[in-house]
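Accompanying notes for the structure given below.
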Amino acid sequence: MSVTFPWQTTSWQNLTNSQQQKRLAHGLLFHGAKGIGKMLFAVSFAHWLLCEQPHADKPCGECKACLMLKADSNPDLLYLTPEEEGKAIKVDQVRELINKISLTGHSQGYRVIIISPADALNINASNSLLKTLEEPPENTVLILISDKPSKLMPTIRSRTQMIRFDLPTEEQSLAWLKQLDTKQPELVLKLSGGAPLSAATMSENEGLAIREKLFTNWKELAAGQADALESASMWVKDGLKVFENLPLHWVNSWLIDMLRSLHGGPIESMSNVDYAQTLQKLAGQVDLKSLYGLLDRLNDTIRLNDTSANQLMLVEGLLLHWAGLKRQV
Ligand SMILES: [Zn+2]
């Protein structure tokens, strides 16, 4: 059985071919949407590079390097990640890594460094990595991973070979999710923007139940039955902390469905099939102009939530805006 996901076969063949033809770049940037398995691919590929007798589609699993990888004790595989999730990768961490790889020798094969998310490298950390990326020690491969490659410094990007990972087709994703016995695979996949790993995580973390909880609160806010400020902390704690930006994208799809309804679209055209009637009713209470205003506000919230802005304040602002819309009931 292959060690990668079914939708990654071509990437695997291309990279392993490059290695066999001795033209593998020493800096690789794996980029593409979140939740499609770039990190797992990188780890599998690193194992394959370190393996002493790899098969075409996987490491042997039996050699000394493989056994050490299984025990998580192979010194030739190194990771560079933020010390705290969501924070930057700092220059001291990069310096420490460079010291390690320049001082210590390694076995005859490869040494692989996985940097994820590479867009978390701050400016100093990026600058300090440049030289290593340009001229790494012999047989050293750096794999950078990012779903926001435009956030990387151009000097970093230009020193890597960019390898794009596409979103799998709906068919591939659904087949994979069904193998995992995911409940309501079509719905969770849609709500995860088509990214199968995000969909599986959503399913495992009760994502549908959380969406239901947030939608109930959204209705209560419209009816003046909930307090926007109190609700905001619930949204952040149960929603954004667990699913990052996803709950904001759910709200986006609710608003788009409401707009469809106000523009006279039929109920079948709505993407939130399970909420269609409620959304139609909510849309009937407000006017187009204020709904477009709220959509602008939401887009700002999504954009700012990617930066270090205060998440709670952003969500408070959004919910106050929604609760305060002029309604005809
Ligand atoms: Zn092996």
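Lettering and numbering for the structure tokens are positional, with chains as A, B, ... in the shown order, residues counted from 1 in each chain, and ligands counted from 1 in the shown order.
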
Note to self: Show me, as a ChimeraX atom specification, the residues that have an atom within 9 Å of segment 151-157 of chain A when counting only C-alpha atoms, minus same-chain residues fewer than 4 positions from it.
What the structure shows: /A:29,118-123,126-127,129-130,133,146,161-162

Restricting it to N, CA and C atoms, dump the selection as a PDB file, in the first residue's frame.
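Printed below is again-v5.pdb as written:
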ATOM      1  N   LEU A  29       9.430  23.768  -1.939  1.00  0.00           N
ATOM      2  CA  LEU A  29       8.323  24.440  -1.264  1.00  0.00           C
ATOM      3  C   LEU A  29       7.019  23.767  -1.678  1.00  0.00           C
ATOM      4  N   ALA A 118       5.926  27.287   6.705  1.00  0.00           N
ATOM      5  CA  ALA A 118       7.063  28.124   6.343  1.00  0.00           C
ATOM      6  C   ALA A 118       6.703  29.614   6.369  1.00  0.00           C
ATOM      7  N   ASP A 119       5.398  29.925   6.213  1.00  0.00           N
ATOM      8  CA  ASP A 119       5.007  31.341   6.269  1.00  0.00           C
ATOM      9  C   ASP A 119       5.088  31.887   7.693  1.00  0.00           C
ATOM     10  N   ALA A 120       5.374  31.013   8.671  1.00  0.00           N
ATOM     11  CA  ALA A 120       5.542  31.483  10.050  1.00  0.00           C
ATOM     12  C   ALA A 120       6.961  31.989  10.310  1.00  0.00           C
ATOM     13  N   LEU A 121       7.875  31.800   9.344  1.00  0.00           N
ATOM     14  CA  LEU A 121       9.238  32.349   9.505  1.00  0.00           C
ATOM     15  C   LEU A 121       9.127  33.866   9.517  1.00  0.00           C
ATOM     16  N   ASN A 122       9.577  34.518  10.571  1.00  0.00           N
ATOM     17  CA  ASN A 122       9.514  35.976  10.533  1.00  0.00           C
ATOM     18  C   ASN A 122      10.706  36.509   9.725  1.00  0.00           C
ATOM     19  N   ILE A 123      10.805  37.840   9.590  1.00  0.00           N
ATOM     20  CA  ILE A 123      11.813  38.399   8.666  1.00  0.00           C
ATOM     21  C   ILE A 123      13.225  37.997   9.064  1.00  0.00           C
ATOM     22  N   SER A 126      13.796  34.352   8.394  1.00  0.00           N
ATOM     23  CA  SER A 126      13.932  34.117   6.952  1.00  0.00           C
ATOM     24  C   SER A 126      15.328  34.491   6.485  1.00  0.00           C
ATOM     25  N   ASN A 127      15.771  35.674   6.896  1.00  0.00           N
ATOM     26  CA  ASN A 127      17.097  36.127   6.466  1.00  0.00           C
ATOM     27  C   ASN A 127      18.190  35.176   6.918  1.00  0.00           C
ATOM     28  N   LEU A 129      17.929  32.098   7.352  1.00  0.00           N
ATOM     29  CA  LEU A 129      17.831  30.809   6.661  1.00  0.00           C
ATOM     30  C   LEU A 129      18.346  30.871   5.215  1.00  0.00           C
ATOM     31  N   LEU A 130      18.415  32.102   4.656  1.00  0.00           N
ATOM     32  CA  LEU A 130      18.703  32.254   3.220  1.00  0.00           C
ATOM     33  C   LEU A 130      19.942  31.504   2.746  1.00  0.00           C
ATOM     34  N   LEU A 133      19.621  27.848   2.653  1.00  0.00           N
ATOM     35  CA  LEU A 133      18.720  27.436   1.585  1.00  0.00           C
ATOM     36  C   LEU A 133      19.443  27.481   0.236  1.00  0.00           C
ATOM     37  N   SER A 146       3.610  25.328   3.033  1.00  0.00           N
ATOM     38  CA  SER A 146       2.805  26.516   3.294  1.00  0.00           C
ATOM     39  C   SER A 146       1.493  26.493   2.523  1.00  0.00           C
ATOM     40  N   GLN A 161      12.313  25.166  -5.135  1.00  0.00           N
ATOM     41  CA  GLN A 161      11.505  24.711  -6.247  1.00  0.00           C
ATOM     42  C   GLN A 161      10.078  24.608  -5.721  1.00  0.00           C
ATOM     43  N   MET A 162       9.162  25.373  -6.327  1.00  0.00           N
ATOM     44  CA  MET A 162       7.790  25.383  -5.814  1.00  0.00           C
ATOM     45  C   MET A 162       7.026  24.192  -6.379  1.00  0.00           C
TER      46      MET A 162
END

Would you name the residues within 7 Å of ligand 1, counting only C-alpha atoms and all ligand atoms, and put them as an mmCIF file with N, CA and C atoms, in the first residue's frame?
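Below is the file that was written, result-v6.cif:
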data_model
loop_
_atom_site.group_PDB
_atom_site.id
_atom_site.type_symbol
_atom_site.label_atom_id
_atom_site.label_comp_id
_atom_site.auth_asym_id
_atom_site.auth_seq_id
_atom_site.Cartn_x
_atom_site.Cartn_y
_atom_site.Cartn_z
ATOM 1 N N CYS A 51 15.527 6.249 3.812
ATOM 2 C CA CYS A 51 15.558 4.779 3.782
ATOM 3 C C CYS A 51 16.750 4.290 2.961
ATOM 4 N N GLU A 52 17.368 3.202 3.435
ATOM 5 C CA GLU A 52 18.562 2.678 2.750
ATOM 6 C C GLU A 52 18.220 1.849 1.515
ATOM 7 N N GLN A 53 17.030 1.211 1.526
ATOM 8 C CA GLN A 53 16.631 0.405 0.356
ATOM 9 C C GLN A 53 15.171 0.663 0.015
ATOM 10 N N PRO A 54 14.833 1.861 -0.418
ATOM 11 C CA PRO A 54 13.412 2.183 -0.623
ATOM 12 C C PRO A 54 12.796 1.434 -1.802
ATOM 13 N N PRO A 59 9.112 3.626 1.749
ATOM 14 C CA PRO A 59 10.364 3.174 2.359
ATOM 15 C C PRO A 59 10.268 1.692 2.712
ATOM 16 N N CYS A 60 11.414 1.030 2.926
ATOM 17 C CA CYS A 60 11.388 -0.426 3.137
ATOM 18 C C CYS A 60 10.770 -0.806 4.480
ATOM 19 N N GLY A 61 10.916 0.078 5.473
ATOM 20 C CA GLY A 61 10.327 -0.203 6.780
ATOM 21 C C GLY A 61 11.182 -1.116 7.654
ATOM 22 N N GLU A 62 12.331 -1.583 7.133
ATOM 23 C CA GLU A 62 13.108 -2.573 7.880
ATOM 24 C C GLU A 62 14.559 -2.176 8.124
ATOM 25 N N CYS A 63 15.073 -1.239 7.317
ATOM 26 C CA CYS A 63 16.492 -0.898 7.466
ATOM 27 C C CYS A 63 16.705 -0.101 8.759
ATOM 28 N N LYS A 64 17.973 0.163 9.062
ATOM 29 C CA LYS A 64 18.287 0.869 10.304
ATOM 30 C C LYS A 64 17.619 2.259 10.323
ATOM 31 N N ALA A 65 17.706 2.968 9.189
ATOM 32 C CA ALA A 65 17.110 4.312 9.120
ATOM 33 C C ALA A 65 15.607 4.243 9.355
ATOM 34 N N CYS A 66 14.949 3.268 8.722
ATOM 35 C CA CYS A 66 13.496 3.128 8.887
ATOM 36 C C CYS A 66 13.127 2.813 10.332
#

Note to self: From the options A:Ala232, A:Leu191, A:Val112, A:Ile36, which residue's atoms come nearest to Pro168 of chain A, counting only C-alpha atoms?
What the structure shows: A:Ile36

Note to self: So that I can check the surroundings of segment 305-307 of chain A, please list as a ChimeraX atom specification every protein, DNA and RNA residue that reaches within 10 Å of it, counting only C-alpha atoms and ignoring chain neighbours fewer than 4 positions away.
What the structure shows: /A:86,240,244-245,248,299-301,311-312,314-315

Margin query: At a cut-off of 7 Å, using only C-alpha atoms, what residues contact Leu288 of chain A? Leave out same-chain residues fewer than 3 positions from it and give the result as a PyMOL selection string.
Written below: chain A and resi 262+291-292

Next item on the list: Mind checking which residues fall within 12 Å of Gly239 of chain A, counting only C-alpha atoms, ignoring those fewer than 2 positions away in the same chain, and posting them as a VMD selection string?
Entry: chain A and resid 202 205 to 215 231 to 237 241 to 251 311 to 312 315
